[in-house]
Each structure stands twice: as C-alpha cells, then as structure tokens.
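In what follows, a single structure is set out as structure tokens and then discussed.
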Amino acid sequence: MIHTITIYCTLFFTSFLASTIIPLGSEGMVVYMITKGYNIVLVVVIASIGNYLGACTTYMIGYIGRQKALEKYLKINQVDFARAEKLFTKYGSPVLLFTWLPIIGDVFAAIGGILKFNFLLFSIYVFTGKFIRYLVVAYFAGII
C-alpha cells in the first residue's frame with residue numbers, strides 16, 4: 001500500500017515539475033504506471049492535476065511580474081516570449097489549451113500571468129488541455 005501511494009505521489013511531483021522549472025516529461029511515468037496495472041483514471045487525473053498546478057505556478061510568477069525569474073529559472077528567453085505573446089494575441093485564450101507543449105507551453109502559461117489573464121478561464125483551458133494530453137498518452141499506452 002505504501003509503495004502504491006509513493007508511486008502516485010512521485011507521478012504527481014514529476015507532472016508538477018515537468019510543467020515548471022525542470023525540463024522533464026511525465027509521459028513515461030504515465031505509460032509505465034498504466035502498463036503495470038495502476039488505476040488508469042487515477043493516473044490520468046493525478047498527472048493532470050500535478051501538471052496543471054505546475055502551470056499555475058508559472059502563471060503566478062508571470063502575474064506578480066517576475067519576468068527575470070522566468071528567464072533565469074525557466075530558461076524562457078525574449079524570443080520565446082515574443083513568439084508566445086504573438087500567438088496569444090492572434091488566437092486568444094484557446095492557445096492555453098497547448099500549455100502541454102514542450103518549451104512554448106510554459107511560455108503560454110507565463111504570458112497568461114504577465115497579461116493578467118482571468119485565472120478561472122486560464123484554469124479551464126489549461127486543465128482541459130493537460131487532461132486531454134494524458135488521456136491521449138493513456139490511449140496510446142494501449143490500455144483504454
């Protein structure tokens with residue numbers, strides 16, 4: 001039982017960190033857990049929540065005006081910011097559905113905070129995108 005709880009906690013923190021300061025992916029752990037028979041619904045939900053909360057952290061850093069911290073710790077440079085801001089301006093809030101994308105996704109979350117985008121709408125778009133991503137990963141793991 002303790003081992004199972006530890007694995008789920010590890011999934012949560014891996015998913016969280018994958019959406020914040022550490023450039024890693026959580027998909028491998030999701031696939032591993034599903035293929036080892038862990039509860040698929042619980043795996044998808046925990047990974048989605050962890051990844052969503054990581055994006056919220058990035059949003060808050062942007063919201064409180066810590067662009068230098070974003071550049072230093074998230075390694076988001078001015079070119080990435082400009083590209084993300086252009087896409088955000090052109091396509092609007094649905095861009096937040098793609099916060100799961102490597103590199104640019106973190107920038108979308110940061111830009112949402114910098115632009116002080118409505119947090120409820122941010123949450124809906126970001127969680128939806130991340131949840132769909134993990135459902136797709138679960139599907140391709142051959143379990144669903």
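For the structure tokens, the naming scheme is as follows: chains receive sequential letters (A, B, ...) according to their order of presentation, residues are indexed from 1 within each chain, and ligands are indexed from 1 in presentation order.
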
Spatial neighbours of Pro102 (chain A), 9 Å, only C-alpha atoms, chain gap at least 3 places, as a PyMOL selection string: chain A and resi 19+23+25+99+105-106

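The list of residues with at least one atom within 9 Å of Phe13 (chain A), based on only C-alpha atoms and without residues fewer than 4 positions apart in the same chain, reads Tyr8, Cys9, Leu17, Ala18, Ala47, Gly50 and Asn51 of chain A.
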
Give me the residues near Ile46 (chain A) as number ranges by chain, where near means some atom within 12 Å (using only C-alpha atoms) and where sequence neighbours in that chain fewer than 5 positions away do not count. A: 5, 7-16, 26, 29-30, 33, 38-41, 51-53, 127, 130-131, 134-135

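Interatomic distance, CA of Thr20 (chain A) to CA of Thr58 (chain A): 6.2 Å.
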
Within 10 Å of Phe117 (chain A) using only C-alpha atoms, minus same-chain residues under 5 positions, as a list of chain:residue names: A:Tyr59, A:Tyr63, A:Ser93, A:Ala109, A:Ile111, A:Gly112, A:Phe122

Write out as a PyMOL selection string the set of residues from region 54-122 of chain A that DSSP, computed on the backbone, places in helix (DSSP H, G or I). chain A and resi 54-63+67-73+78-91+93-98+104-114+119-122

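Counting only C-alpha atoms, the residue from A:Ala138, A:Ile114, A:Leu101, A:Ala55 that sits nearest to Ile34 (chain A) is A:Ala138.
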
From the list A:Asn77, A:Lys68, A:Cys56, A:Val44, which residue is nearest Tyr139 (chain A) when using only C-alpha atoms? A:Val44

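Picture a line from CA of Gly28 (chain A) to CA of Met60 (chain A); it runs 27.2 Å.
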
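Shortest atom-to-atom contact with Thr35 (chain A) among A:Val137, A:Arg83, A:Thr57, A:Thr89: A:Val137, counting only C-alpha atoms.
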
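The shortest atom-to-atom distance to Ala141 (chain A), with only C-alpha atoms taken into account, belongs to A:Val31 out of A:Leu97, A:Ile49, A:Val126, A:Val31.
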
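Among A:Tyr125, A:Phe140, A:Tyr32, A:Phe88, the residue with the shortest atom-to-atom distance to Ile104 (chain A), counting only C-alpha atoms, is A:Phe88.
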
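Between Leu121 (chain A) and the residues A:Val136, A:Ile61, A:Met1, A:Leu96, the shortest atom-to-atom distance, using only C-alpha atoms, involves A:Leu96.
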